[in-house]
$ cat coords_25.cif   # mmCIF, C-alpha atoms
data_final
#
loop_
_atom_site.label_atom_id
_atom_site.label_comp_id
_atom_site.auth_asym_id
_atom_site.auth_seq_id
_atom_site.Cartn_x
_atom_site.Cartn_y
_atom_site.Cartn_z
CA MET A 19 -36.77 -34.68 -25.40
CA LYS A 20 -34.75 -32.22 -27.45
CA THR A 21 -34.85 -29.80 -24.52
CA CYS A 22 -33.44 -32.48 -22.18
CA HIS A 23 -30.63 -33.23 -24.63
CA ARG A 24 -29.89 -29.53 -24.90
CA VAL A 25 -29.79 -29.11 -21.09
CA PHE A 26 -27.58 -32.19 -20.74
CA GLY A 27 -25.29 -30.79 -23.43
CA TYR A 28 -24.99 -27.44 -21.62
CA ALA A 29 -24.25 -29.22 -18.34
CA LEU A 30 -21.60 -31.40 -20.00
CA ALA A 31 -20.01 -28.33 -21.60
CA GLY A 32 -19.96 -26.66 -18.19
CA LEU A 33 -18.20 -29.65 -16.65
CA VAL A 34 -15.61 -29.60 -19.43
CA LEU A 35 -15.00 -25.89 -18.82
CA LEU A 36 -14.67 -26.44 -15.08
CA SER A 37 -12.28 -29.31 -15.66
CA SER A 38 -10.11 -27.35 -18.06
CA SER A 39 -10.15 -24.35 -15.68
CA ALA A 40 -8.99 -26.53 -12.81
CA THR A 41 -6.14 -28.04 -14.82
CA ALA A 42 -5.12 -24.56 -16.00
CA GLN A 43 -4.49 -23.37 -12.45
CA ASN A 44 -0.94 -22.35 -11.60
CA HIS A 45 0.34 -24.01 -8.40
CA THR A 46 3.54 -23.36 -6.45
CA VAL A 47 4.64 -25.00 -3.19
CA ILE A 48 7.14 -23.09 -1.07
CA ASP A 49 9.20 -24.99 1.51
CA ALA A 50 9.65 -22.39 4.26
CA GLY A 51 12.30 -23.40 6.77
CA HIS A 52 11.38 -20.58 9.18
CA LEU A 53 8.02 -18.87 8.66
CA LEU A 54 7.38 -15.57 10.43
CA ASP A 55 3.87 -15.43 11.88
CA VAL A 56 3.57 -11.63 12.06
CA VAL A 57 0.21 -11.76 13.82
CA ASN A 58 1.66 -13.49 16.87
CA GLY A 59 5.29 -12.42 16.49
CA ARG A 60 6.79 -15.92 16.35
CA ILE A 61 8.73 -18.23 14.05
CA LEU A 62 7.15 -21.48 12.84
CA ASP A 63 9.72 -23.96 11.58
CA ASN A 64 9.41 -26.39 8.65
CA GLN A 65 6.25 -24.98 7.07
CA GLN A 66 4.90 -25.13 3.54
CA ILE A 67 2.89 -22.56 1.56
CA LEU A 68 0.67 -23.53 -1.36
CA VAL A 69 0.21 -20.68 -3.84
CA THR A 70 -2.54 -21.03 -6.44
CA ASP A 71 -3.16 -18.42 -9.13
CA GLY A 72 -1.53 -15.60 -7.19
CA HIS A 73 -3.17 -16.32 -3.83
CA ILE A 74 -2.18 -18.33 -0.78
CA ALA A 75 -4.34 -21.44 -0.77
CA GLU A 76 -2.93 -23.33 2.22
CA VAL A 77 -0.27 -22.96 4.94
CA GLY A 78 0.96 -25.66 7.32
CA PRO A 79 3.58 -28.30 8.12
CA ARG A 80 2.43 -30.24 5.05
CA VAL A 81 0.13 -28.83 2.39
CA THR A 82 -1.68 -30.49 -0.49
CA THR A 83 0.68 -30.68 -3.46
CA PRO A 84 -1.21 -30.61 -6.78
CA GLN A 85 0.25 -32.61 -9.63
CA GLY A 86 2.76 -30.59 -11.62
CA ALA A 87 3.14 -27.90 -8.94
CA HIS A 88 6.30 -25.81 -9.13
CA ARG A 89 8.47 -26.07 -6.00
CA ILE A 90 10.58 -23.36 -4.39
CA ASP A 91 13.12 -24.30 -1.74
CA LEU A 92 13.39 -21.70 1.02
CA SER A 93 14.15 -24.29 3.69
CA GLY A 94 17.21 -22.36 4.82
CA SER A 95 15.50 -18.95 4.88
CA TYR A 96 13.25 -16.82 7.05
CA VAL A 97 10.00 -16.28 5.15
CA MET A 98 7.54 -13.46 5.86
CA PRO A 99 4.88 -11.29 4.21
CA GLY A 100 6.14 -8.74 1.69
CA LEU A 101 6.95 -5.27 3.03
CA ILE A 102 4.67 -2.25 2.67
CA ASP A 103 5.54 1.47 2.71
CA ALA A 104 2.36 3.41 3.51
CA HIS A 105 3.85 6.84 2.75
CA THR A 106 6.19 7.26 -0.17
CA HIS A 107 6.76 9.42 -3.24
CA LEU A 108 7.90 7.30 -6.16
CA ALA A 109 7.59 10.22 -8.57
CA LEU A 110 9.81 12.56 -6.55
CA GLN A 111 13.59 12.41 -6.17
CA GLU A 112 15.46 15.30 -4.57
CA MET A 113 19.02 15.48 -5.84
CA ASP A 114 21.01 18.31 -4.26
CA GLY A 115 21.13 17.07 -0.67
CA SER A 116 19.65 20.26 0.79
CA ASP A 117 18.41 20.34 4.38
CA ILE A 118 15.03 18.63 4.55
CA ASN A 119 13.70 21.49 6.69
CA ASP A 120 14.60 23.96 3.94
CA HIS A 121 12.84 22.00 1.16
CA GLY A 122 14.96 23.74 -1.47
CA SER A 123 15.28 20.95 -4.02
CA TYR A 124 11.81 19.66 -3.15
CA TYR A 125 10.33 22.96 -4.32
CA TYR A 126 12.62 22.94 -7.34
CA ALA A 127 11.47 19.49 -8.45
CA SER A 128 7.83 20.34 -7.87
CA LEU A 129 8.01 23.54 -9.87
CA ILE A 130 10.18 22.75 -12.90
CA GLU A 131 10.02 19.00 -13.56
CA ASP A 132 7.19 17.93 -15.83
CA THR A 133 5.07 14.87 -15.14
CA SER A 134 6.82 12.73 -17.74
CA MET A 135 10.15 13.24 -15.97
CA ARG A 136 8.52 12.36 -12.66
CA VAL A 137 7.15 9.12 -14.11
CA ALA A 138 10.58 8.31 -15.55
CA GLN A 139 12.08 8.69 -12.06
CA GLY A 140 9.27 6.58 -10.64
CA THR A 141 9.98 3.77 -13.08
CA MET A 142 13.45 3.31 -11.60
CA LEU A 143 12.36 3.88 -7.99
CA ALA A 144 9.46 1.41 -8.28
CA ARG A 145 11.79 -1.35 -9.39
CA ALA A 146 14.21 -0.55 -6.55
CA MET A 147 11.39 -0.81 -4.02
CA LEU A 148 10.21 -4.17 -5.34
CA GLU A 149 13.75 -5.53 -5.41
CA ALA A 150 14.15 -4.60 -1.72
CA GLY A 151 11.00 -6.54 -0.81
CA PHE A 152 8.28 -3.87 -0.91
CA VAL A 153 5.22 -5.39 -2.58
CA TRP A 154 2.78 -2.54 -1.83
CA VAL A 155 3.23 1.22 -1.47
CA ARG A 156 0.89 4.14 -0.92
CA ASP A 157 2.09 7.05 -3.05
CA THR A 158 1.07 10.21 -1.24
CA GLY A 159 1.33 13.00 -3.79
CA ASN A 160 4.01 15.32 -5.20
CA ASN A 161 3.89 13.57 -8.56
CA GLY A 162 3.08 16.34 -11.03
CA LEU A 163 -0.21 15.82 -12.83
CA TYR A 164 -1.26 12.30 -11.77
CA GLY A 165 2.17 10.80 -12.40
CA ASP A 166 1.49 8.28 -9.63
CA VAL A 167 -1.67 7.08 -11.39
CA THR A 168 0.25 6.61 -14.64
CA LEU A 169 2.95 4.69 -12.79
CA ARG A 170 0.37 2.47 -11.10
CA ARG A 171 -1.34 1.68 -14.36
CA ALA A 172 1.97 0.80 -16.03
CA ILE A 173 2.79 -1.63 -13.20
CA GLU A 174 -0.69 -3.17 -13.28
CA GLY A 175 -0.42 -3.58 -17.03
CA GLY A 176 2.90 -5.40 -16.81
CA TRP A 177 4.81 -2.66 -18.64
CA ILE A 178 7.31 -2.11 -15.81
CA PRO A 179 8.16 -3.96 -12.58
CA GLY A 180 7.15 -2.42 -9.28
CA PRO A 181 5.04 -2.83 -6.15
CA ASN A 182 1.27 -2.66 -6.15
CA MET A 183 0.28 0.97 -5.61
CA VAL A 184 -2.37 2.98 -3.82
CA THR A 185 -2.32 6.50 -5.29
CA ALA A 186 -3.29 9.91 -3.89
CA GLY A 187 -3.16 11.93 -7.10
CA ARG A 188 -3.14 15.67 -6.35
CA MET A 189 -3.07 16.87 -2.74
CA ILE A 190 -6.00 18.97 -1.50
CA ALA A 191 -5.05 22.01 0.58
CA PRO A 192 -6.01 25.51 1.62
CA PHE A 193 -4.54 28.14 -0.70
CA GLY A 194 -0.76 27.80 -0.92
CA GLY A 195 -0.54 24.14 0.00
CA GLN A 196 2.93 23.59 1.44
CA PHE A 197 4.48 26.50 -0.47
CA GLN A 198 5.15 30.14 0.33
CA MET A 199 3.42 31.67 -2.68
CA ASN A 200 4.52 34.49 -4.97
CA PRO A 201 1.69 37.04 -5.48
CA GLU A 202 2.81 37.58 -9.08
CA LYS A 203 2.44 33.83 -9.76
CA PRO A 204 -0.62 32.66 -7.82
CA ALA A 205 -0.78 29.29 -9.59
CA LEU A 206 2.82 28.40 -8.81
CA GLY A 207 1.96 25.35 -6.70
CA GLU A 208 -0.23 23.75 -9.33
CA PRO A 209 -0.67 21.04 -10.47
CA GLU A 210 0.86 19.50 -7.32
CA TYR A 211 -2.09 20.77 -5.28
CA PHE A 212 -5.77 21.46 -5.50
CA TYR A 213 -6.33 24.75 -3.70
CA ALA A 214 -9.72 24.30 -2.04
CA ASP A 215 -10.98 26.62 0.68
CA SER A 216 -14.78 26.49 0.59
CA HIS A 217 -16.76 23.31 1.16
CA GLU A 218 -17.87 23.39 -2.48
CA GLU A 219 -14.25 23.58 -3.62
CA ILE A 220 -13.28 20.71 -1.32
CA ILE A 221 -16.06 18.48 -2.67
CA ARG A 222 -15.09 19.28 -6.26
CA ALA A 223 -11.42 18.55 -5.51
CA VAL A 224 -12.26 15.15 -4.01
CA ARG A 225 -14.50 14.23 -6.92
CA GLU A 226 -12.04 15.36 -9.59
CA ASN A 227 -9.18 13.55 -7.87
CA VAL A 228 -11.04 10.25 -7.72
CA HIS A 229 -12.31 10.68 -11.27
CA TYR A 230 -8.74 10.96 -12.56
CA GLY A 231 -7.53 7.90 -10.69
CA ALA A 232 -6.78 8.65 -7.05
CA THR A 233 -7.51 5.61 -4.88
CA PHE A 234 -6.78 7.44 -1.59
CA VAL A 235 -7.38 11.16 -0.95
CA LYS A 236 -4.77 13.33 0.78
CA LEU A 237 -5.54 16.53 2.69
CA ILE A 238 -2.92 19.09 3.74
CA ILE A 239 -4.25 20.32 7.08
CA ASP A 240 -1.86 22.79 8.67
CA ASN A 241 1.01 24.10 6.54
CA GLN A 242 -0.38 27.66 6.47
CA PRO A 243 -1.42 30.14 9.17
CA TYR A 244 -5.00 29.10 8.31
CA ILE A 245 -5.82 25.40 8.67
CA TYR A 246 -8.66 23.07 7.79
CA SER A 247 -11.31 22.90 10.51
CA GLU A 248 -13.01 19.75 11.74
CA GLU A 249 -15.99 20.63 9.53
CA ASP A 250 -13.77 21.14 6.47
CA VAL A 251 -12.20 17.73 6.99
CA ARG A 252 -15.56 16.05 7.52
CA VAL A 253 -16.82 17.38 4.17
CA ALA A 254 -13.87 15.78 2.38
CA VAL A 255 -14.09 12.53 4.34
CA GLU A 256 -17.82 12.06 3.77
CA GLU A 257 -17.44 12.70 0.05
CA ALA A 258 -14.50 10.31 -0.29
CA HIS A 259 -15.94 7.58 1.92
CA ASP A 260 -19.19 7.76 -0.04
CA MET A 261 -17.12 6.64 -3.05
CA GLY A 262 -15.32 3.92 -1.11
CA VAL A 263 -12.07 5.93 -0.94
CA LYS A 264 -10.10 6.51 2.27
CA VAL A 265 -8.57 9.82 3.39
CA MET A 266 -5.12 10.60 4.80
CA ALA A 267 -4.23 13.88 6.48
CA HIS A 268 -0.86 15.62 6.43
CA ALA A 269 -0.93 17.17 9.90
CA THR A 270 1.86 18.13 12.27
CA SER A 271 0.42 20.41 14.98
CA ASP A 272 -1.76 19.17 17.80
CA GLU A 273 -4.68 21.31 16.60
CA GLY A 274 -4.32 20.09 13.02
CA ILE A 275 -4.08 16.45 14.06
CA ARG A 276 -7.11 16.76 16.33
CA ASN A 277 -9.21 18.47 13.65
CA ALA A 278 -8.33 15.71 11.20
CA VAL A 279 -9.14 12.90 13.64
CA LEU A 280 -12.45 14.45 14.67
CA GLY A 281 -13.25 14.97 10.99
CA GLY A 282 -12.92 11.21 10.44
CA VAL A 283 -9.71 10.69 8.46
CA ASP A 284 -8.28 7.19 8.22
CA SER A 285 -4.68 8.15 8.95
CA ILE A 286 -2.49 10.97 10.19
CA GLU A 287 0.69 11.48 8.18
CA HIS A 288 3.71 12.83 10.10
CA GLY A 289 1.78 13.78 13.27
CA PHE A 290 4.86 15.22 14.90
CA ASP A 291 3.36 17.11 17.85
CA PRO A 292 0.26 15.41 19.28
CA SER A 293 -0.71 15.86 22.90
CA ASP A 294 -1.39 12.79 25.01
CA ALA A 295 -5.12 13.60 24.77
CA THR A 296 -4.95 13.65 20.98
CA LEU A 297 -3.08 10.33 20.89
CA GLN A 298 -5.79 8.86 23.10
CA LEU A 299 -8.41 10.20 20.69
CA MET A 300 -6.58 8.48 17.82
CA ALA A 301 -6.48 5.22 19.77
CA ASP A 302 -10.18 5.44 20.63
CA ARG A 303 -11.17 6.12 17.02
CA GLY A 304 -8.74 3.69 15.40
CA THR A 305 -6.98 6.44 13.43
CA TYR A 306 -3.61 5.27 12.13
CA LEU A 307 -0.39 7.15 12.76
CA VAL A 308 2.06 7.03 9.85
CA GLY A 309 5.02 8.71 11.49
CA THR A 310 7.46 9.28 8.56
CA ASP A 311 10.48 9.71 10.82
CA PHE A 312 13.55 10.91 8.91
CA PRO A 313 16.96 9.97 10.30
CA ALA A 314 18.73 12.47 12.53
CA SER A 315 21.25 13.18 9.77
CA ARG A 316 18.44 14.78 7.74
CA LEU A 317 15.98 16.00 10.35
CA GLY A 318 18.36 17.13 13.11
CA GLU A 319 18.98 15.50 16.47
CA THR A 320 16.38 17.52 18.41
CA ARG A 321 13.54 16.90 15.95
CA TYR A 322 14.48 13.25 15.50
CA TRP A 323 14.50 12.41 19.18
CA SER A 324 11.26 14.32 19.65
CA ASN A 325 9.73 11.98 17.07
CA VAL A 326 11.18 8.97 18.88
CA GLU A 327 9.47 10.10 22.07
CA ARG A 328 6.21 10.59 20.13
CA ASN A 329 6.48 6.98 18.90
CA LYS A 330 6.95 5.73 22.45
CA ARG A 331 3.85 7.61 23.59
CA ALA A 332 1.79 6.45 20.62
CA TYR A 333 2.73 2.81 21.19
CA ALA A 334 2.02 3.01 24.93
CA THR A 335 -1.38 4.60 24.22
CA GLY A 336 -2.38 1.90 21.75
CA VAL A 337 -2.54 4.08 18.64
CA PRO A 338 -2.67 1.97 15.45
CA MET A 339 0.70 2.50 13.72
CA ALA A 340 1.65 1.77 10.11
CA PHE A 341 5.07 2.20 8.59
CA GLY A 342 5.64 5.01 6.10
CA SER A 343 9.02 6.41 5.15
CA ASP A 344 8.37 9.62 3.18
CA VAL A 345 11.74 9.11 1.45
CA VAL A 346 12.14 11.83 -1.18
CA TYR A 347 15.89 12.40 -1.39
CA TYR A 348 18.82 10.66 -3.01
CA GLU A 349 21.47 9.04 -0.84
CA GLU A 350 24.60 7.98 -2.65
CA GLY A 351 25.34 4.26 -2.48
CA LYS A 352 21.80 3.26 -1.53
CA THR A 353 18.76 2.34 -3.57
CA ARG A 354 15.37 3.80 -2.70
CA GLY A 355 14.40 0.43 -1.23
CA GLU A 356 17.48 0.25 0.98
CA GLN A 357 16.88 3.80 2.17
CA THR A 358 13.30 2.92 3.03
CA ILE A 359 14.31 -0.04 5.20
CA GLY A 360 16.65 2.28 7.10
CA PHE A 361 13.69 4.40 8.22
CA LEU A 362 12.42 1.49 10.31
CA PHE A 363 15.21 2.07 12.80
CA SER A 364 13.50 5.12 14.30
CA TYR A 365 11.12 2.59 15.87
CA VAL A 366 14.06 0.53 17.10
CA ASP A 367 15.36 3.71 18.77
CA ALA A 368 11.91 4.14 20.33
CA GLU A 369 12.36 0.67 21.85
CA LEU A 370 9.28 -0.76 20.15
CA PRO A 371 9.38 -4.57 19.95
CA ASN A 372 10.71 -5.92 16.65
CA ALA A 373 7.50 -7.93 16.25
CA HIS A 374 5.46 -4.71 16.38
CA ILE A 375 7.78 -2.95 13.92
CA LEU A 376 7.36 -5.84 11.47
CA ARG A 377 3.58 -5.70 11.91
CA MET A 378 3.69 -1.98 11.10
CA ALA A 379 5.45 -2.73 7.81
CA THR A 380 3.19 -5.65 6.87
CA MET A 381 -0.27 -6.34 8.33
CA HIS A 382 -0.97 -2.89 9.81
CA ALA A 383 0.04 -1.11 6.62
CA ALA A 384 -2.01 -3.60 4.57
CA ASP A 385 -5.10 -2.96 6.70
CA LEU A 386 -4.68 0.81 6.30
CA LEU A 387 -4.28 0.54 2.52
CA GLY A 388 -7.13 -1.92 2.18
CA ALA A 389 -4.74 -4.41 0.58
CA ASN A 390 -5.40 -8.16 0.79
CA SER A 391 -1.82 -8.65 1.91
CA GLY A 392 0.39 -8.35 4.99
CA ARG A 393 -0.09 -11.88 6.34
CA ILE A 394 0.81 -15.36 5.13
CA GLU A 395 -2.53 -17.08 5.47
CA ALA A 396 -5.08 -18.72 3.19
CA GLY A 397 -6.98 -16.27 1.02
CA ARG A 398 -4.34 -13.53 1.04
CA ASN A 399 -2.38 -12.37 -1.98
CA ALA A 400 0.82 -14.35 -2.39
CA ASP A 401 3.07 -11.45 -1.37
CA ILE A 402 6.06 -13.19 0.17
CA VAL A 403 9.71 -12.34 0.86
CA ALA A 404 12.58 -14.29 2.39
CA MET A 405 16.05 -13.60 3.80
CA PRO A 406 18.89 -15.55 5.44
CA ALA A 407 18.57 -14.04 8.95
CA ASN A 408 15.75 -13.62 11.46
CA PRO A 409 14.20 -10.11 11.43
CA LEU A 410 12.56 -10.78 14.80
CA ASP A 411 16.06 -10.83 16.27
CA ASP A 412 17.42 -7.92 14.24
CA ILE A 413 15.49 -5.60 11.91
CA SER A 414 18.63 -5.16 9.79
CA ALA A 415 17.99 -8.69 8.48
CA LEU A 416 15.57 -6.99 6.07
CA TYR A 417 18.54 -5.61 4.15
CA GLY A 418 19.23 -9.18 3.08
CA VAL A 419 15.98 -9.91 1.21
CA SER A 420 16.93 -12.56 -1.34
CA PHE A 421 13.48 -13.71 -2.51
CA VAL A 422 10.49 -11.61 -3.57
CA MET A 423 7.10 -12.89 -4.73
CA LYS A 424 4.29 -10.44 -5.56
CA ASP A 425 0.82 -11.72 -6.45
CA GLY A 426 2.28 -15.21 -6.88
CA ARG A 427 4.95 -14.14 -9.37
CA VAL A 428 8.63 -14.44 -8.43
CA TYR A 429 10.61 -11.26 -9.05
CA LYS A 430 13.75 -12.09 -7.08
CA GLU A 431 15.29 -15.46 -6.33
CA GLY A 432 18.74 -16.38 -5.07
CA GLY A 433 19.41 -12.68 -4.65
CA GLN A 434 18.92 -11.99 -8.38
CA PHE A 435 16.14 -9.76 -9.65
CA ARG A 436 14.11 -11.32 -12.47
CA TRP A 437 11.96 -9.37 -14.88
CA ASP A 438 11.57 -10.16 -18.54
CA ILE A 439 9.71 -8.05 -21.06
CA PRO A 440 6.31 -9.76 -21.12
CA THR A 441 4.88 -11.18 -24.33
CA LYS A 442 1.36 -10.23 -23.28
CA LEU A 443 0.44 -6.80 -21.97
CA ASN A 444 -2.77 -5.11 -20.94
CA ASN A 445 -3.84 -1.51 -20.58
CA PRO A 446 -5.76 -1.23 -17.30
CA ARG A 447 -8.28 1.56 -16.99
CA ARG A 448 -8.10 4.10 -14.22
CA LYS A 449 -9.82 2.74 -11.14
CA GLN A 450 -13.31 4.13 -10.75
CA PRO A 451 -15.22 5.11 -7.59
CA ARG A 452 -17.05 2.22 -5.97
CA GLY A 453 -19.63 3.84 -3.69
CA ASN A 454 -22.84 5.81 -3.91
CA MET A 455 -21.77 7.76 -7.00
CA LEU A 456 -22.34 4.54 -8.93
CA LYS A 457 -26.00 4.28 -7.93
CA GLN A 458 -28.47 4.62 -10.74
CA HIS A 459 -30.98 7.45 -10.37
#
$ encode --input "coords_25.cif" --output "C-alpha cells"
Amino acid sequence: MKTCHRVFGYALAGLVLLSSSATAQNHTVIDAGHLLDVVNGRILDNQQILVTDGHIAEVGPRVTTPQGAHRIDLSGSYVMPGLIDAHTHLALQEMDGSDINDHGSYYYASLIEDTSMRVAQGTMLARAMLEAGFVWVRDTGNNGLYGDVTLRRAIEGGWIPGPNMVTAGRMIAPFGGQFQMNPEKPALGEPEYFYADSHEEIIRAVRENVHYGATFVKLIIDNQPYIYSEEDVRVAVEEAHDMGVKVMAHATSDEGIRNAVLGGVDSIEHGFDPSDATLQLMADRGTYLVGTDFPASRLGETRYWSNVERNKRAYATGVPMAFGSDVVYYEEGKTRGEQTIGFLFSYVDAELPNAHILRMATMHAADLLGANSGRIEAGRNADIVAMPANPLDDISALYGVSFVMKDGRVYKEGGQFRWDIPTKLNNPRRKQPRGNMLKQH
C-alpha cells in the first residue's frame, strides 16, 4: 500500500511539473501580411506564425493562440526567413582600401593584429550583421588564434548580440597557406593557418581544430604551386566527417576544385574557374558552390563578369548554390551587413531568378551549415525578418529590413535595434566532436 501511495505521489508530482512547464512556455503570434514561401518562391497573404520557446510551432491563415501570447503586428510587411551568409570573416576588417587582388592590408591584419583585436572588431561586425537581418553566418577563418570560436561563444552566452555562428577555426593548408613566405621567418603565416603536408599532419590539424572549437573545417587547396590531391582531401574529409563535422574547400582552379569534389568536401568556396565537366561533377555529387563574388569595383570588370558567367553555368547545370559574401574590407558609409546584402547583386547580374537568390541566402545556406533555419515552417528555429517591400520583385528590398527575430527573440522592431545587457548570462563550453571519437573503447 505504501508503495502504491509513493507511485501515485511521483505521478502527481510529474503532472504538476508538466503543468508548470506548459504554463511557463513563451508564446508569440506574428501577424504576417505577406509571407514569403522561399521553398516555392511565392507570397502567401494574411498568414500567422506561432512561435513557442524559440521555435516555429504553427504557420497558417489562423493559428492557435495560447492564452497570454505576445502579439507582433507585421500585417503591412513582407515576412521571410532570416538571412544567412555562408562565407564571412567577422574577425577580419581591412582598412586601407587596397586592391583585393593585392591583399596588402589583408596580410597586414593577419600578421600584426592579435586575436583580442580581431575579436573586438568581430563584436561590432556581428551586431551589424544581425541588425541587417543575418541570423546565421559561417565564419571561414582569418581570425587569429580561434577568435571566431571566442566570438561564437560570447554570442551563445548572451554577452554580445550577433548571428548564430558556424566556425572554421584555423585554416588547413600546404606549407605557406595563402602567403608568399619569407625564408627567414618560416612561421610567419601562423596562427592563421595549420601547415599540413603529410596525411599524418592533415589528420592532426583536423583533430586539433575540432578540439579547440571548430564546427566546420576549412582546407586551402590551391594557393601554392603544389596543391592538395584528391587523396589528401579525402583524408581530411573522412577524419572530419567521422566527428560529425563538415568540410569546406577554398579552391579556385579547375584542378583544385575537382580534387576537392572527388575528395568529398561539402562545399567549394570561390570556385572561380571550373570547367563544365567539373560543374556537372558538383551537381551529381551535391557539392555546394559558395561563389563569394566581389563587386567589379573591387575585383575588376574582367574577373567580375567571368564570375557572373560561372554563376550562369552553375545554375544551368543544377549545382547547389549557397550565398557567401567573403566581405573583408571596410566601405565608408556602409555597415558590414549592408555591404553583405550588396554582394547578392552578382546573382542578379547573372540573371538568376530572385526566388533562387533568396533560397541561396536562406534555405540553401541553412542546409549547407546544418542549421535548423532557412524556412518558416513548423519545427524550425524562429529566425524571421520583415521589410516594407517585396524582395521577390526586387532584391534591394532587403536593405529595408525593419524587423529581426533570432531564435524567437526580437532584436529589431520598427527599424530600431534592441539589445539590453542581460541580467542572466551563461558561459557555453566549446562545442565538442559528435561522431566516432566519442565512442567508448
$ residues_around --input "coords_25.cif" --residues "A:Met423" --least-positions-apart "4" --cutoff "8 Å" --atoms "only C-alpha atoms" --output "list in words"
Gly100, Ala400, Asp401, Ile402, Val403, Arg427, Val428, Tyr429 and Lys430 of chain A
$ closest_residue --input "coords_25.cif" --among "A:Ile239, A:Gln298, A:Phe361, A:Asn227" --to "A:Ser315" --atoms "all atoms listed in the file"
A:Phe361
$ atom_distance --input "coords_25.cif" --atom1 "atom CA of A:Asn160" --atom2 "atom CA of A:Leu110"
6.6 Å
$ residues_near_point --input "coords_25.cif" --point "(-4.9, 15.8, 6.2)" --cutoff "6 Å" --atoms "all atoms listed in the file" --output "list in words"
Lys236, Leu237, Ile238, Ile239, Met266, Ala267, His268 and Ala269 of chain A
$ atom_distance --input "coords_25.cif" --atom1 "atom CA of A:Asn445" --atom2 "atom CA of A:His107"
23.1 Å
$ resolve_selection --input "coords_25.cif" --expression "the PyMOL selection byres ((chain A and resi 209) around 7)" --output "list in words"
Gly162, Leu163, Gly207, Glu208, Glu210 and Tyr211 of chain A
$ atom_distance --input "coords_25.cif" --atom1 "atom CA of A:Leu370" --atom2 "atom CA of A:Gly78"
29.2 Å
$ residues_around --input "coords_25.cif" --residues "A:Gly94" --least-positions-apart "2" --cutoff "12 Å" --atoms "only C-alpha atoms" --output "tab-separated table (two decimals) with C-alpha atoms, in the frame of the given file"
chain	number	residue	atom	x	y	z
A	48	ILE	CA	7.14	-23.09	-1.07
A	49	ASP	CA	9.20	-24.99	1.51
A	50	ALA	CA	9.65	-22.39	4.26
A	51	GLY	CA	12.30	-23.40	6.77
A	52	HIS	CA	11.38	-20.58	9.18
A	53	LEU	CA	8.02	-18.87	8.66
A	63	ASP	CA	9.72	-23.96	11.58
A	64	ASN	CA	9.41	-26.39	8.65
A	65	GLN	CA	6.25	-24.98	7.07
A	90	ILE	CA	10.58	-23.36	-4.39
A	91	ASP	CA	13.12	-24.30	-1.74
A	92	LEU	CA	13.39	-21.70	1.02
A	96	TYR	CA	13.25	-16.82	7.05
A	97	VAL	CA	10.00	-16.28	5.15
A	404	ALA	CA	12.58	-14.29	2.39
A	405	MET	CA	16.05	-13.60	3.80
A	406	PRO	CA	18.89	-15.55	5.44
A	407	ALA	CA	18.57	-14.04	8.95
A	408	ASN	CA	15.75	-13.62	11.46
A	420	SER	CA	16.93	-12.56	-1.34
A	421	PHE	CA	13.48	-13.71	-2.51
A	432	GLY	CA	18.74	-16.38	-5.07
$ closest_atom_pairs --input "coords_25.cif" --of "stretch 143-177 of chain A" --to "stretch 384-397 of chain A" --cutoff "12 Å" --atoms "all atoms listed in the file" --output "JSON lines"
{"residue": "A:Phe152", "atom": "CA", "partner": "A:Gly392", "partner_atom": "CA", "distance": 10.8}
{"residue": "A:Val153", "atom": "CA", "partner": "A:Ser391", "partner_atom": "CA", "distance": 9.0}
{"residue": "A:Trp154", "atom": "CA", "partner": "A:Ala384", "partner_atom": "CA", "distance": 8.1}
{"residue": "A:Val155", "atom": "CA", "partner": "A:Leu387", "partner_atom": "CA", "distance": 8.5}
{"residue": "A:Arg156", "atom": "CA", "partner": "A:Leu387", "partner_atom": "CA", "distance": 7.2}
{"residue": "A:Asp157", "atom": "CA", "partner": "A:Leu387", "partner_atom": "CA", "distance": 10.7}
{"residue": "A:Thr158", "atom": "CA", "partner": "A:Leu387", "partner_atom": "CA", "distance": 11.7}
$ closest_residue --input "coords_25.cif" --among "A:Gly274, A:Pro201, A:Gly318, A:Gly336" --to "A:Gly304" --atoms "all atoms listed in the file"
A:Gly336
